[in-house]
Amino acid sequence: MLICKQLKAKTLVFTFRDYTMKHILLLLSILSFSYTNAQQVSGTVSDEKNQAMAYANVIRYALPDSTFVDGTTTEDDGSFSFKDKKEGSYYLKVMMLGYKDYFTESFEAGSAPLFEIKISTDAEVLDEISIVAKKPLIEQTVDRLVVNVADNVTGADGNLLDVLQRVPGVLVVNDQLSMAGSGSPTILIDGRTTEYMDIETLLKEMPGDNIEKIEVIHQPGAEFDAQGTGPVINIILKKNKLYGTNGSISVGLGRGFDWRRRIGLSLNSRQGKWNFYGSGGYSKNYYYEELNIDRTLDNIEYIQRNLNPSIPSTWRASGGVDFYINDRQTVGFSVNGVHSLNVRDNINTTILNYSTSLESDTLVTTNSLDRKWAYLNNTAYYSIELDTSGQRLDLDFNAAFFDVRSDADTRTLVGGEPQTDFADQRTRRPGKTAIYAAKVDYTKPVGKTLKFQTGAKYSFADLDNDLRTEYFDSGNWLLNPLQTNHFLFEESIYAGYGKVTYGGEKWNLTGGLRYEASYSDGYSITLDSTTNRTIKQFFPSASIGREITNNIGVVINYSYRIDRPRYSSLNPFLYFIDPFTYETGNPFLRPELTHSSKLSVTYEKQPFFNLEYAKTKDVITLITEQDTESGVTFAYDDNLSDFTKYGGSLFLPLDPIKGLGGYAGVMTYYNEYSNPEVAFDQGAWTFTGFLQANYTLPLDIKAELSGWYTSGGQDGIIQFEEMFGLSGGLQKKFLDEDLTVKLSANNFVTKFFTGSLDYDNTVANINSVWDAPVYQLKLTYKFGNQYLDKSEKRKGSASDIINRAQED
C-alpha cells in the first residue's frame, strides 16, 4: 500500500566527524520506524465533473456495529486523512449538503486503499436549501425520559425549580418539588448526589440558564445508587466540546412581586487535544411565599399567616479542561461553584380567637434572616476505550462541599407591644458538608447482542451542624438549651453492581444486582447522644423490551430501592418559627424500602402509554401534631406503615398537527397512606394534565405555551385541592441567529395550593401562595466560531452533520 505523506522536520546542522556510520544507520532506522507507524487512511473527494469537493464531511465507522469513531472534513483540494488504527474493521461515509451520501467498502486497519471518492448530486436538491436541526422536546430512551430544555422559551431564565416545571408530571408547590403520583424525586446534578445538601435552597437560588437537558429515570438500574424511592431526576449542565473558540453572553430582567435581574458569560476553546471551558454569572432575584394555616384546639382558633420573601444574590462560576490523550483515552477535571447571600425579613402573624369570649390576641413574629451558602464541586475523570467493540473503563473522582450559615434575630410583639412571655431570640446556625466519592465502571460487549457491566463505588459524607439559640433577659443574652444543639454526622457507603444487557433484533433484556452497605453515626454533642445505623442490602432490577412493529415498542421495568433519612431529619433539634410553631428532628427514623414496576409503550421512541405500581414500607412523611396543653404545633418526619401507588400516564406528541411541535399528556394515580398506630388510612385519585406546545409565527418568531393541571389528591397526611398553571413566551433570533431575544410570562394563570389535614389530634386547613405571574426578558449573544476540527473553517457547518452521524 502506498500512502502519501509530507514530513515536516527541523534542519539539523552537524559535521560528519560528529557521527560514525553506526549513528547514521541508527538515525535512518528510527526515521523509518516512525514513518511506518504513522500510517494514515487518506484519499480525495470530487464531484461528477472531477471538481475537488472542499469541506465535505468524512465519517469513520467501526464494524460490526457501525459505531461512530471519528470524523473530518476535506481540504480545499478535496483531500482528507485520518490517523490509522492498530486493529479493527472500518468503513467511511461521505456527506455533503446537496449530494447523495457515499459509503466505501469495508477495510482492515493497516490495509486501507488510497480512496478516490466521487459523489453525485442529489436529484431532490433545491436551488436554496435551509436545514434547521432541532432536538425534540421530549425523548424516551431504553431507561429514561429525556427533556431537552436548553432551547425552551419559558422557564429557562429562572431558577432550577422553574426549569424543572417543564418536566412532565413535575409539581412545584411552595418551592416543594414532587412528581405526580410518585412523591419526592432524587435529584442529581451531572449524575452526582445532592443527598446531604440543602436541596430546597439549591434548587431555588441556583440559576437555570445553564441546563442542557433533564433526565427522568423512573426505574433506575443497578448502575445507579439505590438511594431514593421515587424517580431520579438528573440535571445535565451545558458543556461545549466543539473545536474553536466561542462563547455567549446573556442578560435578563424579570418582574414578579419585585424585580429580578441576571447576567451570564460562557466561554469554550478547543484546540488540538485540549478543550477548555468555563462560565460565570450573577443574579439578583426576589421570590415571594405565603403560607396560611387555620387550626382549632380547646376552644381556641389559631389563625397563622406566614409571609416569607426571599431576596438571594447569587454568583456562579465553573470551569474545566479535557485532554484527549489519543483516540481512545480522555482525562479531565472540572470545578463548579455557587455562592449565595440572602437577607430578608419573614413575618408571621398569629391571631388567637377565644370562643369563650369576644377577645382575641394578635402576635406578630419577625424573623430577620441573614443566610449565606456556598457550593463547590470538584470532579476528575479518566476514560479509556479498550477496543472498537465498546469495551471501556471509566474512573470518576468527586469532592463536593456545601457550607451554609443562617443567622436569625426573632422578635414577637403582642398587640404591637413586646411581652416578657416572648423574649427576643437570636439563632446562629453554621453548617458544613463534605462529600467524597470514587467509582469505577467497566463495560464489556460480547458480540453484537450481549453486554456486561460491573462497577464499584465508595462515598463518604461528613457533616457538622451547630445550632445555637440565645434569648434576651434583663439586659443579657442567655443560652437557650432547648434550642441549642451541635450535631455531627458521618456516613460511609460501599457499593458494587453487575448488570447484563441483551439487545436482539426484536427483544431487549436487562438484569442487574446492586449491593450497598452503609454505616452512619450521628452524634449530638449538646445532648451527648449517639445514633448509629448500619444497612446492608441487595437491590435487584430488571427490564424486558419488545419491538412490536417498526414504530411501536413495549418495555417492562422492575426495581427495588431504599430511601435513607436525611441527616437533618435525624438531628433532634428544635427550630421555632414563632411561639406556637416549631420543627424538630427524629433520631428514630427508619429507611423506607420500595418495590416498583412499570410498563411502557413507545411510539417512534417517544413515550406514549405507561402503567405503574409501587409499594413502600415505612414511608417517611412530614407529620404535624399539636400539644393539647400549650397549643403549640410542631412538625417532624416520621414513618408511616405503608404507601401504595398505582396508575398510568398517556403522552401525545403534537407534531402530527401541522405547524405544531411539543407534547401533551395526562397522568392519573391512586395514592394511599396508612398507619395503624393512629388509625390513619387515607387515599385518593389524582389526575394531572400537562402541555408543552410550540409554533413558529410569521417573521420566524417562535411561540411556546406550557401548562399543567392537577385535580388534587393525597400527599402524606394532607389532602389537597385542584391546582393549575399556564405559561407562555416568544423567541426571535437576529444578527444571523447570533442574538436571541426571549420574552416569557410564567404562571400568568395560576390556582394556588389549598389543602387540609386530619391526623391524630390535629385538624387544620392550609393555603399556600407563591410568586406568580413572573414576566421575564432575556437577551443572549453568541460569538466566536465552532467547527469539527482544525481543517473546517466555516462556522458550525460540520457540527450538525457529525452530531447527526453520531445519533444515526
# chains A, B, ... in the order shown; residues from 1 in each chain; ligands from 1

call {"tool": "residues_around", "arguments": {"residues": "Leu730 in chain A", "least_positions_apart": "5", "cutoff": "10 Å", "atoms": "only C-alpha atoms", "output": "NGL selection string"}}
result
:A and (152-154 or 694-697 or 701-705 or 741-745 or 777)

call {"tool": "residues_around", "arguments": {"residues": "range 311-322 of chain A", "least_positions_apart": "4", "cutoff": "7 Å", "atoms": "only C-alpha atoms", "output": "PyMOL selection string"}}
result
chain A and resi 205+274-287+330-344

call {"tool": "write_last_selection", "arguments": {"atoms": "N, CA and C atoms", "output": "PDB file, in the first residue's frame"}}
result
ATOM      1  N   GLU A 205     -32.270  28.871  44.482  1.00  0.00           N
ATOM      2  CA  GLU A 205     -31.369  30.006  44.280  1.00  0.00           C
ATOM      3  C   GLU A 205     -30.328  29.769  43.198  1.00  0.00           C
ATOM      4  N   TRP A 274      -6.726  19.644  23.452  1.00  0.00           N
ATOM      5  CA  TRP A 274      -7.168  20.318  24.670  1.00  0.00           C
ATOM      6  C   TRP A 274      -8.534  20.958  24.461  1.00  0.00           C
ATOM      7  N   ASN A 275      -9.361  20.853  25.477  1.00  0.00           N
ATOM      8  CA  ASN A 275     -10.656  21.528  25.480  1.00  0.00           C
ATOM      9  C   ASN A 275     -10.815  22.251  26.811  1.00  0.00           C
ATOM     10  N   PHE A 276     -10.907  23.590  26.751  1.00  0.00           N
ATOM     11  CA  PHE A 276     -11.091  24.415  27.936  1.00  0.00           C
ATOM     12  C   PHE A 276     -12.490  25.030  27.889  1.00  0.00           C
ATOM     13  N   TYR A 277     -13.169  25.044  29.017  1.00  0.00           N
ATOM     14  CA  TYR A 277     -14.499  25.629  29.053  1.00  0.00           C
ATOM     15  C   TYR A 277     -14.726  26.277  30.418  1.00  0.00           C
ATOM     16  N   GLY A 278     -15.590  27.266  30.423  1.00  0.00           N
ATOM     17  CA  GLY A 278     -15.891  27.961  31.662  1.00  0.00           C
ATOM     18  C   GLY A 278     -17.119  28.830  31.506  1.00  0.00           C
ATOM     19  N   SER A 279     -17.736  29.164  32.619  1.00  0.00           N
ATOM     20  CA  SER A 279     -18.897  30.044  32.606  1.00  0.00           C
ATOM     21  C   SER A 279     -18.998  30.732  33.958  1.00  0.00           C
ATOM     22  N   GLY A 280     -19.731  31.814  33.979  1.00  0.00           N
ATOM     23  CA  GLY A 280     -19.939  32.553  35.213  1.00  0.00           C
ATOM     24  C   GLY A 280     -21.178  33.407  35.091  1.00  0.00           C
ATOM     25  N   GLY A 281     -21.679  33.860  36.221  1.00  0.00           N
ATOM     26  CA  GLY A 281     -22.870  34.686  36.165  1.00  0.00           C
ATOM     27  C   GLY A 281     -23.232  35.246  37.523  1.00  0.00           C
ATOM     28  N   TYR A 282     -24.140  36.203  37.481  1.00  0.00           N
ATOM     29  CA  TYR A 282     -24.649  36.828  38.708  1.00  0.00           C
ATOM     30  C   TYR A 282     -26.142  37.048  38.538  1.00  0.00           C
ATOM     31  N   SER A 283     -26.903  36.818  39.599  1.00  0.00           N
ATOM     32  CA  SER A 283     -28.340  37.076  39.567  1.00  0.00           C
ATOM     33  C   SER A 283     -28.782  37.688  40.891  1.00  0.00           C
ATOM     34  N   LYS A 284     -29.738  38.577  40.786  1.00  0.00           N
ATOM     35  CA  LYS A 284     -30.378  39.189  41.953  1.00  0.00           C
ATOM     36  C   LYS A 284     -31.875  38.973  41.778  1.00  0.00           C
ATOM     37  N   ASN A 285     -32.459  38.143  42.634  1.00  0.00           N
ATOM     38  CA  ASN A 285     -33.850  37.751  42.456  1.00  0.00           C
ATOM     39  C   ASN A 285     -34.695  38.151  43.652  1.00  0.00           C
ATOM     40  N   TYR A 286     -35.988  38.040  43.443  1.00  0.00           N
ATOM     41  CA  TYR A 286     -36.956  38.267  44.522  1.00  0.00           C
ATOM     42  C   TYR A 286     -38.051  37.221  44.389  1.00  0.00           C
ATOM     43  N   TYR A 287     -38.239  36.424  45.429  1.00  0.00           N
ATOM     44  CA  TYR A 287     -39.291  35.419  45.457  1.00  0.00           C
ATOM     45  C   TYR A 287     -40.215  35.705  46.642  1.00  0.00           C
ATOM     46  N   THR A 330      -9.285   9.705  27.416  1.00  0.00           N
ATOM     47  CA  THR A 330      -9.585  11.084  27.778  1.00  0.00           C
ATOM     48  C   THR A 330      -9.463  11.236  29.280  1.00  0.00           C
ATOM     49  N   VAL A 331      -8.897  12.364  29.690  1.00  0.00           N
ATOM     50  CA  VAL A 331      -8.810  12.693  31.104  1.00  0.00           C
ATOM     51  C   VAL A 331      -9.283  14.131  31.275  1.00  0.00           C
ATOM     52  N   GLY A 332      -9.907  14.427  32.400  1.00  0.00           N
ATOM     53  CA  GLY A 332     -10.423  15.769  32.570  1.00  0.00           C
ATOM     54  C   GLY A 332     -10.630  16.132  34.021  1.00  0.00           C
ATOM     55  N   PHE A 333     -10.825  17.435  34.225  1.00  0.00           N
ATOM     56  CA  PHE A 333     -11.054  17.974  35.565  1.00  0.00           C
ATOM     57  C   PHE A 333     -11.996  19.166  35.437  1.00  0.00           C
ATOM     58  N   SER A 334     -12.927  19.293  36.373  1.00  0.00           N
ATOM     59  CA  SER A 334     -13.846  20.424  36.344  1.00  0.00           C
ATOM     60  C   SER A 334     -14.139  20.904  37.755  1.00  0.00           C
ATOM     61  N   VAL A 335     -14.484  22.195  37.856  1.00  0.00           N
ATOM     62  CA  VAL A 335     -14.851  22.831  39.119  1.00  0.00           C
ATOM     63  C   VAL A 335     -16.140  23.615  38.886  1.00  0.00           C
ATOM     64  N   ASN A 336     -17.084  23.466  39.790  1.00  0.00           N
ATOM     65  CA  ASN A 336     -18.352  24.190  39.696  1.00  0.00           C
ATOM     66  C   ASN A 336     -18.644  24.801  41.057  1.00  0.00           C
ATOM     67  N   GLY A 337     -18.819  26.113  41.096  1.00  0.00           N
ATOM     68  CA  GLY A 337     -19.042  26.790  42.365  1.00  0.00           C
ATOM     69  C   GLY A 337     -20.210  27.749  42.308  1.00  0.00           C
ATOM     70  N   VAL A 338     -20.959  27.814  43.411  1.00  0.00           N
ATOM     71  CA  VAL A 338     -22.082  28.747  43.549  1.00  0.00           C
ATOM     72  C   VAL A 338     -22.014  29.359  44.935  1.00  0.00           C
ATOM     73  N   HIS A 339     -22.216  30.673  44.994  1.00  0.00           N
ATOM     74  CA  HIS A 339     -22.247  31.374  46.285  1.00  0.00           C
ATOM     75  C   HIS A 339     -23.485  32.254  46.318  1.00  0.00           C
ATOM     76  N   SER A 340     -24.220  32.225  47.437  1.00  0.00           N
ATOM     77  CA  SER A 340     -25.464  32.977  47.520  1.00  0.00           C
ATOM     78  C   SER A 340     -25.575  33.680  48.867  1.00  0.00           C
ATOM     79  N   LEU A 341     -26.125  34.876  48.817  1.00  0.00           N
ATOM     80  CA  LEU A 341     -26.389  35.678  50.016  1.00  0.00           C
ATOM     81  C   LEU A 341     -27.854  36.085  49.988  1.00  0.00           C
ATOM     82  N   ASN A 342     -28.555  35.830  51.099  1.00  0.00           N
ATOM     83  CA  ASN A 342     -29.992  36.080  51.149  1.00  0.00           C
ATOM     84  C   ASN A 342     -30.326  36.759  52.469  1.00  0.00           C
ATOM     85  N   VAL A 343     -30.688  38.030  52.412  1.00  0.00           N
ATOM     86  CA  VAL A 343     -31.056  38.805  53.600  1.00  0.00           C
ATOM     87  C   VAL A 343     -32.511  39.233  53.442  1.00  0.00           C
ATOM     88  N   ARG A 344     -33.354  38.847  54.414  1.00  0.00           N
ATOM     89  CA  ARG A 344     -34.766  39.213  54.315  1.00  0.00           C
ATOM     90  C   ARG A 344     -35.427  39.100  55.678  1.00  0.00           C
TER      91      ARG A 344
END

call {"tool": "residues_around", "arguments": {"residues": "range 667-677 of chain A", "least_positions_apart": "2", "cutoff": "6 Å", "atoms": "only C-alpha atoms", "output": "list in words"}}
result
Gly181, Leu640, Ser641, Asp642, Phe643, Thr644, Lys645, Tyr646, Gly647, Gly648, Ser649, Ala679, Phe680, Asp681, Gln682, Gly683, Ala684, Trp685, Thr686, Phe687 and Thr688 of chain A

call {"tool": "residues_around", "arguments": {"residues": "range 222-229 of chain A", "least_positions_apart": "3", "cutoff": "6 Å", "atoms": "only C-alpha atoms", "output": "number ranges by chain"}}
result
A: 186, 497, 512-514, 561-563, 594

call {"tool": "write_last_selection", "arguments": {"atoms": "all heavy atoms", "output": "short mmCIF file (atom, residue, chain, number, x, y, z; two decimals), in the first residue's frame"}}
result
data_model
loop_
_atom_site.label_atom_id
_atom_site.label_comp_id
_atom_site.auth_asym_id
_atom_site.auth_seq_id
_atom_site.Cartn_x
_atom_site.Cartn_y
_atom_site.Cartn_z
N THR A 186 -35.40 11.91 43.57
CA THR A 186 -33.99 12.05 43.95
C THR A 186 -33.32 12.96 42.91
O THR A 186 -33.40 12.70 41.71
CB THR A 186 -33.30 10.69 43.99
OG1 THR A 186 -33.93 9.88 44.98
CG2 THR A 186 -31.82 10.84 44.33
N TYR A 497 -21.90 -3.44 41.79
CA TYR A 497 -23.03 -3.89 40.99
C TYR A 497 -22.56 -4.69 39.79
O TYR A 497 -21.40 -4.63 39.37
CB TYR A 497 -23.86 -2.69 40.50
CG TYR A 497 -23.22 -1.93 39.35
CD1 TYR A 497 -23.49 -2.26 38.01
CD2 TYR A 497 -22.34 -0.88 39.59
CE1 TYR A 497 -22.90 -1.57 36.97
CE2 TYR A 497 -21.75 -0.19 38.55
CZ TYR A 497 -22.04 -0.54 37.24
OH TYR A 497 -21.44 0.14 36.21
N GLY A 512 -29.97 -6.69 36.62
CA GLY A 512 -28.90 -6.12 37.43
C GLY A 512 -29.08 -6.40 38.89
O GLY A 512 -30.21 -6.62 39.38
N LEU A 513 -27.97 -6.39 39.62
CA LEU A 513 -28.00 -6.57 41.06
C LEU A 513 -26.97 -5.64 41.68
O LEU A 513 -25.80 -5.63 41.27
CB LEU A 513 -27.69 -8.02 41.43
CG LEU A 513 -27.80 -8.37 42.93
CD1 LEU A 513 -29.25 -8.20 43.40
CD2 LEU A 513 -27.31 -9.78 43.19
N ARG A 514 -27.42 -4.85 42.64
CA ARG A 514 -26.55 -3.90 43.33
C ARG A 514 -26.53 -4.24 44.82
O ARG A 514 -27.56 -4.60 45.40
CB ARG A 514 -27.05 -2.47 43.14
CG ARG A 514 -26.10 -1.41 43.72
CD ARG A 514 -26.64 0.00 43.47
NE ARG A 514 -25.69 1.02 43.91
CZ ARG A 514 -24.74 1.54 43.15
NH1 ARG A 514 -24.62 1.14 41.88
NH2 ARG A 514 -23.91 2.44 43.61
N ARG A 561 -35.60 -0.33 45.79
CA ARG A 561 -34.74 0.78 46.19
C ARG A 561 -34.97 1.16 47.65
O ARG A 561 -35.93 0.71 48.29
CB ARG A 561 -34.98 2.00 45.29
CG ARG A 561 -34.80 1.68 43.80
CD ARG A 561 -34.94 2.91 42.94
NE ARG A 561 -33.83 3.81 43.17
CZ ARG A 561 -33.93 5.14 43.04
NH1 ARG A 561 -35.08 5.69 42.73
NH2 ARG A 561 -32.87 5.91 43.24
N ILE A 562 -34.09 2.03 48.15
CA ILE A 562 -34.12 2.45 49.54
C ILE A 562 -34.03 3.96 49.62
O ILE A 562 -33.41 4.61 48.77
CB ILE A 562 -32.92 1.81 50.32
CG1 ILE A 562 -33.01 2.13 51.80
CG2 ILE A 562 -31.59 2.29 49.74
CD1 ILE A 562 -31.96 1.41 52.64
N ASP A 563 -34.67 4.53 50.62
CA ASP A 563 -34.54 5.96 50.88
C ASP A 563 -34.13 6.13 52.34
O ASP A 563 -34.93 5.93 53.26
CB ASP A 563 -35.86 6.69 50.61
CG ASP A 563 -35.68 8.20 50.56
OD1 ASP A 563 -34.53 8.65 50.64
OD2 ASP A 563 -36.69 8.91 50.45
N THR A 594 -38.80 0.33 48.77
CA THR A 594 -39.86 0.35 47.76
C THR A 594 -39.62 -0.68 46.67
O THR A 594 -38.53 -0.76 46.10
CB THR A 594 -39.96 1.75 47.12
OG1 THR A 594 -40.29 2.72 48.11
CG2 THR A 594 -41.01 1.77 46.03
#

call {"tool": "residues_around", "arguments": {"residues": "Asn234 in chain A", "least_positions_apart": "6", "cutoff": "6 Å", "atoms": "only C-alpha atoms", "output": "NGL selection string"}}
result
:A and (188-189 or 191 or 214-215)

call {"tool": "residues_around", "arguments": {"residues": "Gln537 in chain A", "least_positions_apart": "3", "cutoff": "8 Å", "atoms": "only C-alpha atoms", "output": "PyMOL selection string"}}
result
chain A and resi 515-517

call {"tool": "write_last_selection", "arguments": {"atoms": "C-alpha atoms", "output": "compact mmCIF listing (two decimals), in the first residue's frame"}}
result
# COMPACT_ATOMS: atom_id res chain seq x y z
CA TYR A 515 -25.21 -4.34 46.84
CA GLU A 516 -24.86 -1.43 49.25
CA ALA A 517 -23.51 -1.37 52.79

call {"tool": "closest_residue", "arguments": {"among": "A:Gly390, A:Gly784, A:Gly252, A:Gly221", "to": "Lys499 in chain A", "atoms": "only C-alpha atoms"}}
result
A:Gly221

call {"tool": "residues_around", "arguments": {"residues": "Ile351 in chain A", "least_positions_apart": "4", "cutoff": "10 Å", "atoms": "only C-alpha atoms", "output": "list in words"}}
result
Asp294, Ile300, Glu301, Tyr302, Ile303, Gln304, Arg305, Ser360, Asp361, Thr362, Leu363, Val364 and Val414 of chain A

call {"tool": "atom_distance", "arguments": {"atom1": "CA of Tyr288 in chain A", "atom2": "CA of Leu570 in chain A"}}
result
29.1 Å

call {"tool": "closest_residue", "arguments": {"among": "A:Asn348, A:Asn465, A:Ser357, A:Ser79", "to": "Val404 in chain A", "atoms": "only C-alpha atoms"}}
result
A:Asn465

call {"tool": "atom_distance", "arguments": {"atom1": "CA of Thr754 in chain A", "atom2": "CA of Asp618 in chain A"}}
result
26.7 Å

call {"tool": "select_by_dssp", "arguments": {"residues": "range 451-539 of chain A", "states": "strand (DSSP E)", "output": "PyMOL selection string"}}
result
chain A and resi 451-473+476-479+485-503+507-524+529-539

call {"tool": "select_by_dssp", "arguments": {"residues": "range 540-632 of chain A", "states": "helix (DSSP H, G or I)", "output": "PDB file with N, CA, C and O atoms, in the first residue's frame"}}
result
ATOM      1  N   TYR A 567     -29.823  13.548  57.075  1.00  0.00           N
ATOM      2  CA  TYR A 567     -29.227  13.820  58.384  1.00  0.00           C
ATOM      3  C   TYR A 567     -30.034  14.879  59.127  1.00  0.00           C
ATOM      4  O   TYR A 567     -30.172  14.849  60.352  1.00  0.00           O
ATOM      5  N   SER A 568     -30.589  15.875  58.391  1.00  0.00           N
ATOM      6  CA  SER A 568     -31.344  16.948  59.044  1.00  0.00           C
ATOM      7  C   SER A 568     -32.614  16.402  59.693  1.00  0.00           C
ATOM      8  O   SER A 568     -33.108  16.963  60.677  1.00  0.00           O
ATOM      9  N   SER A 569     -33.146  15.295  59.161  1.00  0.00           N
ATOM     10  CA  SER A 569     -34.324  14.687  59.766  1.00  0.00           C
ATOM     11  C   SER A 569     -33.977  13.910  61.027  1.00  0.00           C
ATOM     12  O   SER A 569     -34.824  13.708  61.900  1.00  0.00           O
ATOM     13  N   LEU A 570     -32.729  13.456  61.124  1.00  0.00           N
ATOM     14  CA  LEU A 570     -32.294  12.696  62.297  1.00  0.00           C
ATOM     15  C   LEU A 570     -31.853  13.590  63.454  1.00  0.00           C
ATOM     16  O   LEU A 570     -31.842  13.160  64.605  1.00  0.00           O
TER      17      LEU A 570
END

call {"tool": "closest_residue", "arguments": {"among": "A:Ser756, A:Asn571, A:Thr73, A:Ser42", "to": "Ser111 in chain A", "atoms": "only C-alpha atoms"}}
result
A:Ser42
